[in-house]
Each structure stands twice: as C-alpha cells, then as structure tokens.
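Asker: Input structure_17.txt, format and content: compact mmCIF, C-alpha atoms (C1' of nucleotides).
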# COMPACT_ATOMS: atom_id res chain seq x y z
CA MET A 1 6.17 30.81 -50.67
CA PRO A 2 3.28 29.04 -52.32
CA SER A 3 2.01 30.60 -55.47
CA LYS A 4 -1.65 30.74 -56.29
CA ARG A 5 -3.44 28.25 -58.47
CA ARG A 6 -1.73 25.24 -57.03
CA LEU A 7 -4.59 23.09 -55.74
CA ASN A 8 -6.71 20.64 -57.65
CA HIS A 9 -9.23 17.95 -56.82
CA ASP A 10 -6.73 15.17 -56.28
CA ALA A 11 -4.42 17.30 -54.16
CA VAL A 12 -7.33 18.21 -51.89
CA VAL A 13 -8.40 14.58 -51.54
CA GLU A 14 -4.87 13.45 -50.77
CA ALA A 15 -4.38 16.21 -48.23
CA ALA A 16 -7.63 15.17 -46.59
CA ALA A 17 -6.38 11.59 -46.46
CA GLU A 18 -3.15 12.71 -44.80
CA LEU A 19 -5.09 14.78 -42.32
CA ILE A 20 -7.33 11.96 -41.16
CA ASP A 21 -4.36 9.63 -40.96
CA ALA A 22 -2.65 12.09 -38.65
CA ASN A 23 -5.79 12.24 -36.47
CA PRO A 24 -7.94 9.20 -37.15
CA ASN A 25 -10.27 9.75 -34.23
CA GLN A 26 -11.43 13.26 -34.92
CA GLU A 27 -13.49 13.88 -37.96
CA LEU A 28 -12.55 15.71 -41.10
CA THR A 29 -13.48 19.40 -41.28
CA LEU A 30 -13.05 21.72 -44.21
CA ALA A 31 -11.79 24.44 -41.87
CA GLU A 32 -8.96 22.26 -40.59
CA LEU A 33 -8.15 21.03 -44.08
CA ALA A 34 -8.03 24.60 -45.39
CA ARG A 35 -5.70 25.64 -42.56
CA HIS A 36 -3.49 22.66 -43.35
CA LEU A 37 -3.35 23.71 -46.98
CA GLY A 38 -2.71 27.39 -46.21
CA VAL A 39 -5.94 28.45 -47.86
CA ARG A 40 -9.28 29.92 -46.81
CA THR A 41 -12.14 27.49 -46.41
CA PRO A 42 -14.29 28.70 -49.32
CA SER A 43 -11.37 28.20 -51.70
CA LEU A 44 -11.79 24.46 -51.32
CA TYR A 45 -15.13 24.72 -53.09
CA ASN A 46 -13.27 25.37 -56.32
CA HIS A 47 -12.20 21.72 -56.19
CA ILE A 48 -14.90 19.87 -54.28
CA GLY A 49 -18.66 20.07 -54.20
CA SER A 50 -19.20 19.68 -50.48
CA LEU A 51 -17.82 18.05 -47.38
CA ASP A 52 -19.87 14.95 -48.05
CA GLU A 53 -18.58 14.72 -51.57
CA LEU A 54 -15.03 15.04 -50.27
CA ARG A 55 -15.66 12.23 -47.81
CA GLN A 56 -16.88 10.05 -50.65
CA ALA A 57 -13.82 10.90 -52.71
CA VAL A 58 -11.57 10.03 -49.79
CA ALA A 59 -13.40 6.72 -49.40
CA VAL A 60 -12.82 5.93 -53.08
CA TYR A 61 -9.19 6.96 -52.77
CA GLY A 62 -8.79 4.66 -49.79
CA ALA A 63 -10.53 1.73 -51.42
CA THR A 64 -8.35 2.12 -54.49
CA ALA A 65 -5.16 2.30 -52.44
CA LEU A 66 -6.27 -0.76 -50.50
CA GLY A 67 -6.99 -2.65 -53.71
CA ASP A 68 -3.53 -1.79 -54.99
CA ARG A 69 -1.93 -3.14 -51.86
CA LEU A 70 -3.94 -6.33 -51.86
CA GLY A 71 -3.22 -6.92 -55.52
CA ASN A 72 0.47 -6.40 -54.96
CA ALA A 73 0.47 -8.75 -51.99
CA ALA A 74 -0.98 -11.53 -54.11
CA ILE A 75 1.58 -11.24 -56.91
CA GLY A 76 3.68 -14.35 -57.24
CA ARG A 77 1.63 -16.29 -54.74
CA SER A 78 -1.29 -18.65 -54.95
CA GLY A 79 -3.68 -20.54 -52.74
CA ALA A 80 -3.22 -20.34 -49.00
CA SER A 81 -0.03 -18.33 -49.34
CA ALA A 82 -1.78 -15.67 -51.37
CA LEU A 83 -4.71 -15.52 -48.96
CA ALA A 84 -2.43 -15.10 -45.98
CA ALA A 85 -0.47 -12.40 -47.78
CA ILE A 86 -3.68 -10.55 -48.57
CA ALA A 87 -4.89 -10.74 -45.01
CA TRP A 88 -1.63 -9.36 -43.68
CA ALA A 89 -1.52 -6.68 -46.36
CA TYR A 90 -4.97 -5.53 -45.31
CA ARG A 91 -3.84 -5.25 -41.72
CA ASP A 92 -0.66 -3.45 -42.75
CA PHE A 93 -2.68 -0.99 -44.77
CA ALA A 94 -4.94 -0.21 -41.85
CA ALA A 95 -1.91 0.25 -39.60
CA ALA A 96 -0.16 2.54 -42.07
CA ARG A 97 -3.21 4.61 -42.95
CA PRO A 98 -5.66 4.31 -40.07
CA GLY A 99 -7.74 7.32 -40.96
CA LEU A 100 -8.01 6.33 -44.57
CA HIS A 101 -9.05 2.83 -43.56
CA LEU A 102 -11.75 4.22 -41.29
CA ALA A 103 -12.96 6.60 -43.98
CA THR A 104 -13.26 3.74 -46.42
CA GLN A 105 -15.64 1.96 -44.07
CA ARG A 106 -18.30 4.63 -43.70
CA ALA A 107 -20.06 3.89 -46.95
CA PRO A 108 -21.92 6.84 -48.42
CA GLN A 109 -25.10 6.04 -50.29
CA ALA A 110 -25.00 8.33 -53.30
CA ASP A 111 -22.44 8.19 -56.07
CA GLU A 112 -21.80 4.55 -55.42
CA VAL A 113 -20.37 4.05 -58.88
CA GLU A 114 -16.73 4.81 -58.18
CA LEU A 115 -16.73 3.17 -54.79
CA ALA A 116 -18.39 0.10 -56.26
CA ARG A 117 -15.68 -0.06 -58.91
CA ALA A 118 -12.94 0.05 -56.28
CA ALA A 119 -14.75 -2.58 -54.25
CA GLY A 120 -15.14 -4.67 -57.38
CA VAL A 121 -11.39 -4.68 -57.92
CA ILE A 122 -10.87 -6.11 -54.45
CA LEU A 123 -13.63 -8.65 -54.99
CA ASP A 124 -11.98 -9.82 -58.21
CA ILE A 125 -8.66 -10.27 -56.46
CA LEU A 126 -10.26 -12.45 -53.81
CA ARG A 127 -12.15 -14.46 -56.39
CA ARG A 128 -9.04 -15.18 -58.39
CA VAL A 129 -7.09 -16.17 -55.31
CA LEU A 130 -9.86 -18.54 -54.26
CA GLU A 131 -10.05 -20.19 -57.70
CA PRO A 132 -7.68 -23.08 -56.92
CA PHE A 133 -9.92 -24.14 -54.05
CA GLU A 134 -12.65 -24.95 -56.56
CA LEU A 135 -15.53 -23.82 -54.39
CA SER A 136 -19.07 -23.66 -55.61
CA GLU A 137 -20.37 -20.21 -56.41
CA THR A 138 -22.25 -19.99 -53.15
CA GLU A 139 -19.40 -21.36 -51.09
CA GLU A 140 -17.07 -18.89 -52.71
CA ILE A 141 -19.26 -16.00 -51.62
CA HIS A 142 -19.43 -17.39 -48.11
CA ALA A 143 -15.65 -17.71 -48.09
CA ILE A 144 -15.13 -14.18 -49.34
CA ARG A 145 -17.56 -12.76 -46.82
CA ALA A 146 -15.92 -14.73 -44.04
CA LEU A 147 -12.45 -13.50 -44.94
CA ARG A 148 -13.59 -9.91 -45.18
CA ALA A 149 -15.48 -10.12 -41.90
CA MET A 150 -12.57 -11.67 -40.03
CA VAL A 151 -9.91 -9.33 -41.27
CA HIS A 152 -12.01 -6.20 -41.13
CA GLY A 153 -13.34 -7.05 -37.69
CA PHE A 154 -9.94 -7.78 -36.25
CA VAL A 155 -8.39 -4.62 -37.64
CA SER A 156 -11.31 -2.45 -36.57
CA LEU A 157 -11.29 -3.74 -33.03
CA GLU A 158 -7.53 -3.45 -32.88
CA GLN A 159 -7.60 0.16 -34.01
CA ALA A 160 -10.41 1.05 -31.67
CA GLY A 161 -8.30 -0.27 -28.81
CA GLY A 162 -10.78 -3.07 -28.24
CA PHE A 163 -8.16 -5.70 -27.46
CA GLY A 164 -6.93 -5.08 -23.96
CA MET A 165 -5.39 -8.39 -22.91
CA PRO A 166 -1.60 -8.65 -22.85
CA VAL A 167 -1.18 -11.17 -25.62
CA ASP A 168 0.61 -10.44 -28.88
CA LEU A 169 -1.77 -9.14 -31.52
CA ASP A 170 0.25 -10.54 -34.40
CA GLU A 171 -0.18 -14.00 -32.97
CA SER A 172 -3.90 -13.53 -32.56
CA PHE A 173 -4.17 -12.37 -36.15
CA GLN A 174 -2.18 -15.37 -37.31
CA TYR A 175 -4.52 -17.60 -35.27
CA LEU A 176 -7.43 -16.11 -37.17
CA VAL A 177 -5.78 -16.51 -40.56
CA ASN A 178 -4.82 -20.10 -39.76
CA MET A 179 -8.39 -20.86 -38.77
CA TYR A 180 -9.61 -19.59 -42.09
CA LEU A 181 -7.01 -21.43 -44.14
CA ALA A 182 -7.57 -24.67 -42.27
CA HIS A 183 -11.28 -24.48 -42.88
CA LEU A 184 -10.76 -23.77 -46.54
CA ALA A 185 -8.26 -26.60 -46.95
CA GLU A 186 -10.62 -28.99 -45.24
CA ASP A 187 -13.58 -28.11 -47.42
CA SER A 188 -11.54 -28.12 -50.57
CA GLY A 189 -9.52 -31.19 -49.56
CA ALA A 190 -12.66 -33.15 -48.76
CA ARG A 191 -13.98 -32.49 -52.22
CA VAL A 192 -10.72 -33.46 -53.88
CA ARG A 193 -10.35 -36.63 -51.86
CA LYS A 194 -13.87 -37.72 -52.71
CA PRO A 195 -13.96 -37.19 -56.45
CA GLY A 196 -17.00 -39.22 -57.50
CA MET B 1 -49.37 17.74 -22.21
CA PRO B 2 -45.91 17.22 -20.81
CA SER B 3 -45.22 18.86 -17.51
CA LYS B 4 -41.88 20.38 -16.72
CA ARG B 5 -39.22 18.68 -14.70
CA ARG B 6 -39.61 15.39 -16.43
CA LEU B 7 -36.16 14.68 -17.86
CA ASN B 8 -33.23 13.06 -16.14
CA HIS B 9 -29.87 11.65 -17.15
CA ASP B 10 -31.10 8.18 -18.06
CA ALA B 11 -34.08 9.45 -20.02
CA VAL B 12 -31.80 11.65 -22.12
CA VAL B 13 -29.40 8.78 -22.78
CA GLU B 14 -32.22 6.45 -23.74
CA ALA B 15 -33.78 9.05 -26.01
CA ALA B 16 -30.40 9.54 -27.67
CA ALA B 17 -30.16 5.78 -28.18
CA GLU B 18 -33.60 5.72 -29.79
CA LEU B 19 -32.66 8.62 -32.01
CA ILE B 20 -29.51 7.02 -33.38
CA ASP B 21 -31.34 3.75 -33.90
CA ALA B 22 -33.90 5.58 -36.01
CA ASN B 23 -31.11 7.16 -38.06
CA PRO B 24 -27.93 5.14 -37.62
CA ASN B 25 -26.05 6.85 -40.41
CA GLN B 26 -26.33 10.45 -39.33
CA GLU B 27 -24.62 11.48 -36.20
CA LEU B 28 -26.16 12.50 -32.93
CA THR B 29 -26.75 16.20 -32.36
CA LEU B 30 -28.01 17.86 -29.23
CA ALA B 31 -30.23 20.11 -31.33
CA GLU B 32 -32.04 17.16 -32.89
CA LEU B 33 -32.26 15.35 -29.56
CA ALA B 34 -33.72 18.44 -27.91
CA ARG B 35 -36.30 18.79 -30.69
CA HIS B 36 -37.17 15.13 -30.27
CA LEU B 37 -37.67 15.66 -26.56
CA GLY B 38 -39.69 18.87 -26.99
CA VAL B 39 -37.11 20.91 -25.15
CA ARG B 40 -34.59 23.66 -25.95
CA THR B 41 -31.03 22.57 -26.49
CA PRO B 42 -29.50 24.22 -23.38
CA SER B 43 -31.98 22.39 -21.18
CA LEU B 44 -30.13 19.17 -21.92
CA TYR B 45 -27.13 20.51 -20.06
CA ASN B 46 -29.05 20.06 -16.83
CA HIS B 47 -28.61 16.32 -17.34
CA ILE B 48 -25.43 15.87 -19.35
CA GLY B 49 -22.05 17.52 -19.30
CA SER B 50 -21.45 17.75 -23.03
CA LEU B 51 -22.15 16.04 -26.32
CA ASP B 52 -19.02 13.94 -25.91
CA GLU B 53 -20.09 12.88 -22.45
CA LEU B 54 -23.50 11.91 -23.82
CA ARG B 55 -21.84 9.83 -26.52
CA GLN B 56 -19.83 8.03 -23.90
CA ALA B 57 -22.94 7.41 -21.83
CA VAL B 58 -24.72 6.02 -24.89
CA ALA B 59 -21.75 3.73 -25.55
CA VAL B 60 -21.91 2.42 -22.00
CA TYR B 61 -25.66 1.98 -22.28
CA GLY B 62 -25.18 0.02 -25.50
CA ALA B 63 -22.39 -2.14 -24.14
CA THR B 64 -24.49 -2.95 -21.09
CA ALA B 65 -27.53 -3.83 -23.19
CA LEU B 66 -25.35 -6.00 -25.41
CA GLY B 67 -23.88 -7.77 -22.39
CA ASP B 68 -27.38 -8.49 -21.10
CA ARG B 69 -28.39 -10.01 -24.40
CA LEU B 70 -25.29 -12.14 -24.68
CA GLY B 71 -25.64 -13.33 -21.12
CA ASN B 72 -29.26 -14.26 -21.70
CA ALA B 73 -28.39 -16.09 -24.89
CA ALA B 74 -25.92 -18.28 -23.05
CA ILE B 75 -28.32 -19.31 -20.29
CA GLY B 76 -29.02 -23.03 -20.31
CA ARG B 77 -26.44 -23.74 -22.99
CA SER B 78 -22.83 -24.77 -22.96
CA GLY B 79 -19.94 -25.34 -25.29
CA ALA B 80 -20.53 -24.94 -29.00
CA SER B 81 -24.25 -24.39 -28.53
CA ALA B 82 -23.61 -21.48 -26.19
CA LEU B 83 -21.04 -19.94 -28.50
CA ALA B 84 -23.36 -20.13 -31.47
CA ALA B 85 -26.19 -18.62 -29.46
CA ILE B 86 -23.94 -15.77 -28.38
CA ALA B 87 -22.82 -15.08 -31.94
CA TRP B 88 -26.39 -14.96 -33.18
CA ALA B 89 -27.48 -12.84 -30.25
CA TYR B 90 -24.79 -10.33 -31.09
CA ARG B 91 -26.00 -10.14 -34.67
CA ASP B 92 -29.61 -9.85 -33.52
CA PHE B 93 -28.68 -7.02 -31.21
CA ALA B 94 -26.96 -5.11 -33.99
CA ALA B 95 -29.96 -5.64 -36.24
CA ALA B 96 -32.43 -4.49 -33.60
CA ARG B 97 -30.40 -1.48 -32.43
CA PRO B 98 -28.08 -0.52 -35.28
CA GLY B 99 -27.32 2.97 -34.04
CA LEU B 100 -26.63 1.78 -30.53
CA HIS B 101 -24.33 -0.90 -31.87
CA LEU B 102 -22.42 1.64 -33.92
CA ALA B 103 -22.19 4.03 -30.98
CA THR B 104 -20.75 1.27 -28.83
CA GLN B 105 -17.91 0.82 -31.29
CA ARG B 106 -16.50 4.32 -31.31
CA ALA B 107 -14.51 3.98 -28.11
CA PRO B 108 -13.95 7.25 -26.30
CA GLN B 109 -10.69 7.58 -24.43
CA ALA B 110 -11.62 9.36 -21.21
CA ASP B 111 -13.87 7.92 -18.53
CA GLU B 112 -13.06 4.42 -19.58
CA VAL B 113 -14.12 3.04 -16.23
CA GLU B 114 -17.78 2.39 -16.96
CA LEU B 115 -17.19 1.23 -20.50
CA ALA B 116 -14.44 -1.08 -19.30
CA ARG B 117 -16.82 -2.55 -16.75
CA ALA B 118 -19.44 -3.26 -19.40
CA ALA B 119 -16.78 -4.74 -21.67
CA GLY B 120 -15.52 -6.84 -18.76
CA VAL B 121 -18.96 -8.36 -18.31
CA ILE B 122 -18.94 -9.51 -21.92
CA LEU B 123 -15.39 -10.81 -21.59
CA ASP B 124 -16.40 -12.87 -18.56
CA ILE B 125 -19.31 -14.40 -20.42
CA LEU B 126 -17.04 -15.48 -23.24
CA ARG B 127 -14.45 -16.85 -20.85
CA ARG B 128 -16.99 -18.94 -18.99
CA VAL B 129 -18.46 -20.29 -22.21
CA LEU B 130 -15.00 -21.25 -23.43
CA GLU B 131 -14.10 -23.04 -20.20
CA PRO B 132 -15.16 -26.54 -21.30
CA PHE B 133 -12.75 -26.34 -24.23
CA GLU B 134 -9.88 -26.26 -21.75
CA LEU B 135 -7.72 -23.89 -23.73
CA SER B 136 -4.49 -22.49 -22.41
CA GLU B 137 -4.64 -18.91 -21.23
CA THR B 138 -3.05 -17.63 -24.42
CA GLU B 139 -5.19 -19.79 -26.67
CA GLU B 140 -8.27 -18.60 -24.85
CA ILE B 141 -7.40 -15.01 -25.59
CA HIS B 142 -6.77 -15.83 -29.22
CA ALA B 143 -10.12 -17.60 -29.36
CA ILE B 144 -11.96 -14.70 -27.75
CA ARG B 145 -10.34 -12.19 -30.07
CA ALA B 146 -11.13 -14.34 -33.07
CA LEU B 147 -14.78 -14.66 -32.13
CA ARG B 148 -15.13 -10.97 -31.49
CA ALA B 149 -13.38 -10.07 -34.73
CA MET B 150 -15.48 -12.43 -36.82
CA VAL B 151 -18.84 -11.46 -35.39
CA HIS B 152 -18.11 -7.76 -35.17
CA GLY B 153 -16.63 -7.67 -38.64
CA PHE B 154 -19.52 -9.51 -40.23
CA VAL B 155 -22.13 -7.38 -38.54
CA SER B 156 -20.31 -4.14 -39.32
CA LEU B 157 -19.90 -4.96 -42.98
CA GLU B 158 -23.49 -6.15 -43.18
CA GLN B 159 -24.81 -2.93 -41.68
CA ALA B 160 -22.60 -0.78 -43.85
CA GLY B 161 -24.09 -2.51 -46.87
CA GLY B 162 -20.73 -4.06 -47.67
CA PHE B 163 -22.13 -7.40 -48.78
CA GLY B 164 -23.60 -6.97 -52.23
CA MET B 165 -23.74 -10.46 -53.65
CA PRO B 166 -27.12 -12.18 -53.82
CA VAL B 167 -26.47 -14.93 -51.31
CA ASP B 168 -28.32 -15.31 -48.06
CA LEU B 169 -26.59 -13.45 -45.24
CA ASP B 170 -27.85 -15.82 -42.56
CA GLU B 171 -26.12 -18.67 -44.33
CA SER B 172 -22.90 -16.74 -44.62
CA PHE B 173 -23.03 -15.96 -40.92
CA GLN B 174 -23.66 -19.60 -40.13
CA TYR B 175 -20.69 -20.51 -42.33
CA LEU B 176 -18.54 -18.20 -40.23
CA VAL B 177 -19.83 -19.56 -36.94
CA ASN B 178 -19.33 -23.13 -38.12
CA MET B 179 -15.77 -22.33 -39.12
CA TYR B 180 -15.09 -21.05 -35.64
CA LEU B 181 -16.70 -23.95 -33.85
CA ALA B 182 -14.96 -26.52 -36.04
CA HIS B 183 -11.60 -24.96 -35.34
CA LEU B 184 -12.29 -24.89 -31.62
CA ALA B 185 -13.46 -28.50 -31.58
CA GLU B 186 -10.40 -29.60 -33.50
CA ASP B 187 -7.97 -27.84 -31.15
CA SER B 188 -9.77 -28.99 -28.07
CA GLY B 189 -10.41 -32.46 -29.43
CA ALA B 190 -6.78 -32.92 -30.38
CA ARG B 191 -5.74 -32.18 -26.83
CA VAL B 192 -8.28 -34.54 -25.35
CA ARG B 193 -7.38 -37.34 -27.70
CA LYS B 194 -3.69 -36.99 -26.93
CA PRO B 195 -3.68 -36.82 -23.14
CA GLY B 196 -0.03 -37.58 -22.28
C1' DT C 1 -49.21 28.64 1.71
C1' DT C 2 -44.61 29.74 1.01
C1' DG C 3 -39.77 29.04 -0.09
C1' DC C 4 -36.17 26.76 -2.44
C1' DA C 5 -33.65 23.89 -5.55
C1' DA C 6 -33.63 22.18 -9.91
C1' DA C 7 -35.01 22.34 -14.47
C1' DA C 8 -36.59 24.83 -17.86
C1' DC C 9 -35.92 29.17 -20.55
C1' DT C 10 -33.69 33.44 -23.46
C1' DA C 11 -29.65 35.58 -25.12
C1' DC C 12 -25.26 35.23 -26.74
C1' DG C 13 -20.45 33.77 -28.62
C1' DG C 14 -17.62 31.01 -31.40
C1' DC C 15 -16.85 27.55 -34.87
C1' DC C 16 -18.35 25.25 -38.92
C1' DA C 17 -20.24 24.55 -43.84
C1' DT C 18 -21.86 26.85 -47.57
C1' DT C 19 -23.15 30.71 -50.96
C1' DA C 20 -22.50 35.14 -53.38
C1' DG C 21 -19.82 38.35 -55.25
C1' DT C 22 -15.04 40.32 -55.93
C1' DT C 23 -10.12 40.34 -56.85
C1' DT C 24 -6.03 38.41 -58.77
C1' DA C 25 -2.86 35.36 -60.90
C1' DT C 26 -1.70 32.47 -64.60
C1' DA C 27 -2.01 30.80 -69.26
C1' DC C 28 -3.18 31.52 -73.84
C1' DT C 29 -3.47 34.53 -77.91
C1' DA C 30 -2.16 37.93 -80.94
C1' DT D 1 5.83 41.10 -75.53
C1' DA D 2 1.30 42.83 -74.27
C1' DG D 3 -3.61 41.92 -73.45
C1' DT D 4 -7.26 39.26 -72.12
C1' DA D 5 -10.03 35.41 -70.38
C1' DT D 6 -10.51 31.96 -67.08
C1' DA D 7 -10.20 29.86 -63.00
C1' DA D 8 -8.57 29.99 -58.42
C1' DA D 9 -8.08 32.53 -54.75
C1' DC D 10 -10.27 36.02 -51.66
C1' DT D 11 -13.87 38.79 -48.40
C1' DA D 12 -18.39 39.05 -46.60
C1' DA D 13 -22.37 37.08 -44.91
C1' DT D 14 -26.00 33.37 -43.46
C1' DG D 15 -27.66 29.73 -40.77
C1' DG D 16 -26.79 25.68 -37.91
C1' DC D 17 -24.50 23.73 -34.23
C1' DC D 18 -22.36 23.33 -29.32
C1' DG D 19 -21.76 25.40 -25.16
C1' DT D 20 -22.04 29.35 -21.35
C1' DA D 21 -24.34 32.93 -18.55
C1' DG D 22 -27.97 34.58 -16.46
C1' DT D 23 -33.10 34.57 -15.75
C1' DT D 24 -37.66 32.58 -15.03
C1' DT D 25 -40.61 28.98 -13.67
C1' DT D 26 -42.04 24.78 -11.69
C1' DG D 27 -42.96 21.34 -8.38
C1' DC D 28 -41.94 19.49 -4.00
C1' DA D 29 -41.42 20.07 0.98
C1' DA D 30 -41.82 22.39 5.07
Could you write out this structure as structure tokens?
Answerer:
Amino acid sequence: MPSKRRLNHDAVVEAAAELIDANPNQELTLAELARHLGVRTPSLYNHIGSLDELRQAVAVYGATALGDRLGNAAIGRSGASALAAIAWAYRDFAAARPGLHLATQRAPQADEVELARAAGVILDILRRVLEPFELSETEEIHAIRALRAMVHGFVSLEQAGGFGMPVDLDESFQYLVNMYLAHLAEDSGARVRKPG
Amino acid sequence: MPSKRRLNHDAVVEAAAELIDANPNQELTLAELARHLGVRTPSLYNHIGSLDELRQAVAVYGATALGDRLGNAAIGRSGASALAAIAWAYRDFAAARPGLHLATQRAPQADEVELARAAGVILDILRRVLEPFELSETEEIHAIRALRAMVHGFVSLEQAGGFGMPVDLDESFQYLVNMYLAHLAEDSGARVRKPG
DNA sequence: TTGCAAAACTACGGCCATTAGTTTATACTA
DNA sequence: TAGTATAAACTAATGGCCGTAGTTTTGCAA
C-alpha cells in the first residue's frame, strides 16, 4: 500500500530507465511511466518539467552509469589490457541496459551541460588509458574517435539485430578490439623503436 | 494548382524521406507529412497501411538507396581501393540524407522480407569486394561486421554531434579506414607469404 | 456523355502530453 | 499533541496525433 509523497526526481528518472530497458524498442511515454508507478500522469509534473526534459535526464543518467562502468573496468589495468576491458565493459553495459544505452545516444540539444559533463568523464578515462601510448594530441583524438565509433557501432548494430550471419558475436567483437589494439601498438611501437 | 488523384505509394514514401531529411531529429508524423503534401491526414491511408508501415517502407527505400550508392562506389575498383570507396560512400550518403540514414537503422520486426533483400544486396557487395583477400568464411564475416560497425558507428556519432574535439572529422574517418585496411592487408598478406 | 473505381474529404474516437485548479497527506511548529 | 503550511497527489479539460467510418468528388474508360 504505497503512501503518498513518495516520488522524487531521481525516482522518476530511474523508473523511466527501467521502463525503457524492459522495452527498448518502444518509446518512453509519460502515460506508461505513470501507470508503472501507480500514479496519474499529471502527478509526474511535480518532479519533471516535460517529457523532453525527462528524456534528457535519462540520457544523463545513462551516460553517468556508463562512465562508472568504464572507469571501474579500467581499474588495475593499463595499456592494451585497459582498453580491451573498457571496450568489453561498454558492450556489457549495452547488453545489460539496452534501453538506457539507446536513450544515451539520442543527444538532445538544450541543457547540454550535464550531458557534456558525463561525456567528459568518459573522455578523460579514455585519455588516461591512452597515455602510455604516447600519441600526439591529434593522433589521440583520432584514436579516441576510432574506439568510440567501433564499439558504439558494433553494439548498436548488434542490438538492432543487424548481424544475421551465424558466427559468434563475441568473436567478432574480439576481432574488432584486436584490430584496434594492433593498430595502436604498431603506431606506438614504431615511434618507440625509432627514437631519434 | 495540384489536381486530385496525384499521390501514390512511392510518392508518399519519397515525400516522407524528404521530410525526415529536412528534420532528422524530430520524428515522422502523418499530420506533418499530410500538410507537406497539401492533403488531409486520412487521405494518406489510401496509399499506406499505417504510420509503422510507412516507416518500414522508408527504411527499405533508404536501404535500397544506400545499396545503390555503395554498389556504384565499388565500380571499377577492387581490393583496398574499393573498400575505402565504399566506406566514404556510406559516409557521404549519411551526410546527404541524414534522416533517411537514421530511418534505415531503426529495424522494424515485421515484414522483414523487403528490408532483408536490401540488406542482402549490401552484404553481397561487401563479400565480392572482400574476395581478393581470400579470407576464410568466418574471417570474412568478422571483417564485414567490423567494417559495418566502424563506418556505422562513426557516422552515427558524427551525426549525433558526439565528436566535440576540434580535429578534422575527415581525417579521423580516414584514420579509421586506414586501420581497417592495414589489418586486412596484414591478415591476408600473412597468409600469402606463408603458403604451406 | 455517362458510370465507376479510387482518391480525396468530413466527422469522430481514443490515446497522449500538458495546464489549471483542487484536495490531501506529511512535516514542521507551537 | 494540535494546527498549519507546503508540496505532492488528484480531477477536469485542451489540443494534437493516429486511425476508422462513411461520404463526396474526380478522372479515366466505355
């Protein structure tokens, strides 16, 4: 028997995240969320400004959760090992919270501040993990963009059911990660081997 | 002065594609499409079954257009040159028709037949272009998945505004393509160099 | 010229987001 | 412990959307 006065902003955002994880393909509605929370739709407006604002909050929530996971994955590792762990942690996150991962993609324009902060955390993690490879500033950005594109693309296609062939997806993902690490080792190794 | 009896299924689908290209971020509505076509919303139902069915038709239209572009890009090229041309053609397509590219992603479940056909065309193009590398069946699938993931991921992040750093995006894309081609050459080259 | 099929229309129902105004529960104060 | 203020719930209502039913109109074909 739920008493009144039990919701708050975070509880609504987390419930929305659960809802889209349960049904990643259909989009979030306030009506469905209210039903799920045992509340009338207008009551949600005591805690959120609008559906769009809620979507933004969910995106921030997802980006923060993702950053936590990636940061944890990198603890105690360095170099190629850390990069591989991060890549797999990203894929694990998307598998565990598919709706949240999707919601994090659709970038809203306004109120970028919080989302940018969450994205900045992830960027910092990647930068620190790439440090030992001693890339130039430009190369580092290329490398970060490449990693993000590869991992995000693979996971998105996988979740959309875009990979139909009967070959193990884990192996394909490992193939992709290996490609990235080999390229990085080659670039970095070439520089180390040719010091002056 | 538009006369009556001028719409048909293809015209509606193409108008929908134009509409989402003009506004890739907001989703397709029949009301807006009808306004754009100078027609009342129910009139559209003479040519489509439902909004969902229209979305599927737009996805098929987009996948077919993409397949055409990729096929054209590969004409007269082979090996690494063909792969690079295909990657760039994909990115060009997404830049030219951002809404159509997005619509092609969201894979509907039902009526997969037509979409599967369009996807099969693209798969065949990639397979034929990869032939000279003489990969095993499994390696070929890994290679196709990797290419799709990289290109799709880069383009998706680029269009979502996910790349904020001030470094040229063309160069980053080239970095990614080079990584792929180098990996492929190494694998293939290793096999050729070590024949027995 | 006339008839018919298809493509347009009007009218309507149901669901959704959102706003306005009201009631009620909880927490703080005395 | 009793009273009050605040905030969170509610009901009611609006306008937009998709989709259906039934009607009118158009353009082609006989």
Asker: Output the contact residues of chain C with respect to chain B at a cut-off of 8 Å, based on all atoms listed in the file, as a list in words.
Answerer: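 That gives the following set of residues: DA7, DA8 and DC9 of chain C.
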Asker: Just the number, please: distance in Å from CA of Val60 (chain A) to CA of Val13 (chain A), one decimal.
Answerer: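 Taking CA of Val60 (chain A) and CA of Val13 (chain A), their separation equals 9.8 Å.
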Asker: Which residue out of B:Val177, B:His152, B:Val12, B:Leu28 has the minimum interatomic distance to chain D when all atoms listed in the file are used?
Answerer: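 For chain D, the nearest of the given residues is B:Leu28.
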Asker: Determine which residues of chain D sit within 8 Å of chain B, taking into account all atoms listed in the file, and present them as a list in words.
Answerer: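 Contact residues on the first chain: DC17, DC18, DG19, DT26 and DG27 of chain D.
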Asker: Hey, can you check how far CA of Ala160 (chain A) sits from CA of Leu54 (chain B)?
Answerer: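 About the pair CA of Ala160 (chain A) and CA of Leu54 (chain B): they are 18.7 Å apart.
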Asker: Compile the residues of chain B that lie within 6 Å of chain A, evaluated using all atoms listed in the file, and express the compilation as a list in words.
Answerer: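 Output check: His142, Ala146, Ala149, Met150, His152, Gly153, Phe154, Ser172 and Leu176 of chain B.
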Asker: One decimal, in Å: what's the spacing between CA of Glu14 (chain B) and CA of Gly120 (chain B)?
Answerer: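 Separation between CA of Glu14 (chain B) and CA of Gly120 (chain B): 21.9 Å.
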Asker: Please return as a compact mmCIF listing (two decimals) with C-alpha atoms, in the frame of the given file every residue within 9 Å of (-23.7, -3.8, -18.1), taking into account all atoms listed in the file and the file's own coordinates.
Answerer:
# COMPACT_ATOMS: atom_id res chain seq x y z
CA VAL B 60 -21.91 2.42 -22.00
CA TYR B 61 -25.66 1.98 -22.28
CA GLY B 62 -25.18 0.02 -25.50
CA ALA B 63 -22.39 -2.14 -24.14
CA THR B 64 -24.49 -2.95 -21.09
CA ALA B 65 -27.53 -3.83 -23.19
CA LEU B 66 -25.35 -6.00 -25.41
CA GLY B 67 -23.88 -7.77 -22.39
CA ASP B 68 -27.38 -8.49 -21.10
CA GLU B 114 -17.78 2.39 -16.96
CA LEU B 115 -17.19 1.23 -20.50
CA ARG B 117 -16.82 -2.55 -16.75
CA ALA B 118 -19.44 -3.26 -19.40
CA ALA B 119 -16.78 -4.74 -21.67
CA GLY B 120 -15.52 -6.84 -18.76
CA VAL B 121 -18.96 -8.36 -18.31
CA ILE B 122 -18.94 -9.51 -21.92
Asker: Pick out the residues sitting within 12 Å of DT4 (chain D), and hand them over as JSON, numbers by chain; count all atoms listed in the file, and ignore anything fewer than 5 positions along from it in its own chain.
Answerer: {"C": [26, 27, 28, 29, 30]}
Asker: Keeping only C-alpha atoms (C1' of nucleotides), write those residues as a JSON list (two decimals), keeping the file's coordinate frame.
Answerer:
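Listed below is the output, part.json:
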[["chain", "number", "residue", "atom", "x", "y", "z"],
["C", 26, "DT", "C1'", -1.70, 32.47, -64.60],
["C", 27, "DA", "C1'", -2.01, 30.80, -69.26],
["C", 28, "DC", "C1'", -3.18, 31.52, -73.84],
["C", 29, "DT", "C1'", -3.47, 34.53, -77.91],
["C", 30, "DA", "C1'", -2.16, 37.93, -80.94]]
Asker: So, with all atoms listed in the file as the atoms that count, which of A:Val113, A:Leu83, A:Ala103, A:Ala11 lies closest to Arg128 (chain A)?
Answerer: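 Smallest distance to Arg128 (chain A) is found for A:Leu83.
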